[in-house]
Amino acid sequence: MRKLQRAALLAACLAVAPAASAGDFFLNGQLGRIELDSGIDDADSDLVQASVGYRWGIGMAQVGLEGGLGRIEEQDAEIRSQYPDGYVDHAYTMQSRYGFVGANARIKPPLLPVYFIGRAGYLGLERELDETIVDYPVDTAPVTDRRQFKENDGGTYVGVGVGTTILPLLDVGVMVNQYRYSQVQYDAVSDEYRLSRDKRNARSVTVTVEYRF
């Protein structure tokens, strides 16, 4: 039974990648900065992501699929609001993680020392927001409260980049990516955080390293 399963797996692999050769599969890592609207404030943060994929060769172009995971580093913000008998401090921490799947294209003109990358696909994003509220009345002791928000949402991404090959199967480059996602907003009527119905944009510039095999 196990032999039959292994044979079926091998046949499936051959069917998916009938012309596989060195450089068709790839591992990609990106590290850089992202500018986004967090729902708290417009802010920059660090971004790191990793992906794996496969591209089919068509002349000087390769077109295929990619999928991976990424993380946006914590965003922190503090806001103070005054009222007649005191003030309130709000401290926020936003954490974001995402997964993605999409199409990936690599174009290598034969007479140029560089290649070009294009990518687009679907983005699944998870946000966690922690808010600590400390009320400082003039005549009484401070009062502390805490609220948390966690929600998943779908969006899209597109990206373009340029790079060069430094070893036979190792590339380095620069990518510019644009993301479309829902903003986290505070609803004063219900006194809670929600995802907005309108999509917002985020942009990242990253250094990319790709190993092809």
# chains A, B, ... in the order shown; residues from 1 in each chain; ligands from 1
call {"tool": "select_by_dssp", "arguments": {"residues": "range 10-213 of chain A", "states": "alpha helix (DSSP H)", "output": "PyMOL selection string"}}
result
chain A and resi 10-16
call {"tool": "residues_around", "arguments": {"residues": "Arg200 in chain A", "least_positions_apart": "5", "cutoff": "7 Å", "atoms": "only C-alpha atoms", "output": "list in words"}}
result
Arg180, Tyr181, Ser182 and Gln183 of chain A
call {"tool": "closest_residue", "arguments": {"among": "A:Asn28, A:Asp130, A:Tyr211, A:Lys150", "to": "Leu167 in chain A", "atoms": "only C-alpha atoms"}}
result
A:Tyr211
call {"tool": "atom_distance", "arguments": {"atom1": "CA of Asp153 in chain A", "atom2": "CA of Ser204 in chain A"}}
result
19.0 Å
call {"tool": "residues_around", "arguments": {"residues": "Tyr87 in chain A", "least_positions_apart": "5", "cutoff": "9 Å", "atoms": "only C-alpha atoms", "output": "VMD selection string"}}
result
chain A and resid 80 to 82 134 to 138
call {"tool": "write_last_selection", "arguments": {"atoms": "N, CA, C and O atoms", "output": "PDB file, in the first residue's frame"}}
result
ATOM      1  N   ARG A  80      -3.084  61.288  24.592  1.00  0.00           N
ATOM      2  CA  ARG A  80      -3.614  61.867  25.833  1.00  0.00           C
ATOM      3  C   ARG A  80      -4.767  62.795  25.485  1.00  0.00           C
ATOM      4  O   ARG A  80      -4.652  63.656  24.605  1.00  0.00           O
ATOM      5  N   SER A  81      -5.888  62.616  26.176  1.00  0.00           N
ATOM      6  CA  SER A  81      -7.051  63.486  25.985  1.00  0.00           C
ATOM      7  C   SER A  81      -7.392  64.165  27.311  1.00  0.00           C
ATOM      8  O   SER A  81      -7.430  63.520  28.360  1.00  0.00           O
ATOM      9  N   GLN A  82      -7.629  65.460  27.236  1.00  0.00           N
ATOM     10  CA  GLN A  82      -7.937  66.265  28.428  1.00  0.00           C
ATOM     11  C   GLN A  82      -9.447  66.396  28.608  1.00  0.00           C
ATOM     12  O   GLN A  82     -10.213  66.369  27.650  1.00  0.00           O
ATOM     13  N   VAL A 134      -5.800  54.671  30.999  1.00  0.00           N
ATOM     14  CA  VAL A 134      -5.606  55.115  32.385  1.00  0.00           C
ATOM     15  C   VAL A 134      -6.248  56.487  32.549  1.00  0.00           C
ATOM     16  O   VAL A 134      -5.837  57.453  31.893  1.00  0.00           O
ATOM     17  N   ASP A 135      -7.267  56.548  33.396  1.00  0.00           N
ATOM     18  CA  ASP A 135      -7.985  57.793  33.668  1.00  0.00           C
ATOM     19  C   ASP A 135      -7.391  58.436  34.927  1.00  0.00           C
ATOM     20  O   ASP A 135      -7.305  57.803  35.979  1.00  0.00           O
ATOM     21  N   TYR A 136      -6.978  59.709  34.789  1.00  0.00           N
ATOM     22  CA  TYR A 136      -6.366  60.442  35.896  1.00  0.00           C
ATOM     23  C   TYR A 136      -7.288  61.590  36.337  1.00  0.00           C
ATOM     24  O   TYR A 136      -7.108  62.730  35.935  1.00  0.00           O
ATOM     25  N   PRO A 137      -8.301  61.304  37.171  1.00  0.00           N
ATOM     26  CA  PRO A 137      -9.129  62.396  37.705  1.00  0.00           C
ATOM     27  C   PRO A 137      -8.315  63.262  38.671  1.00  0.00           C
ATOM     28  O   PRO A 137      -7.356  62.790  39.286  1.00  0.00           O
ATOM     29  N   VAL A 138      -8.716  64.496  38.826  1.00  0.00           N
ATOM     30  CA  VAL A 138      -7.973  65.427  39.678  1.00  0.00           C
ATOM     31  C   VAL A 138      -8.054  65.019  41.149  1.00  0.00           C
ATOM     32  O   VAL A 138      -7.053  65.053  41.880  1.00  0.00           O
TER      33      VAL A 138
END
call {"tool": "closest_residue", "arguments": {"among": "A:Glu210, A:Asp44, A:Glu126, A:Asp24", "to": "Arg71 in chain A", "atoms": "only C-alpha atoms"}}
result
A:Glu126
call {"tool": "closest_residue", "arguments": {"among": "A:Gly53, A:Gly161, A:Gly118, A:Gly68", "to": "Gly99 in chain A", "atoms": "only C-alpha atoms"}}
result
A:Gly68
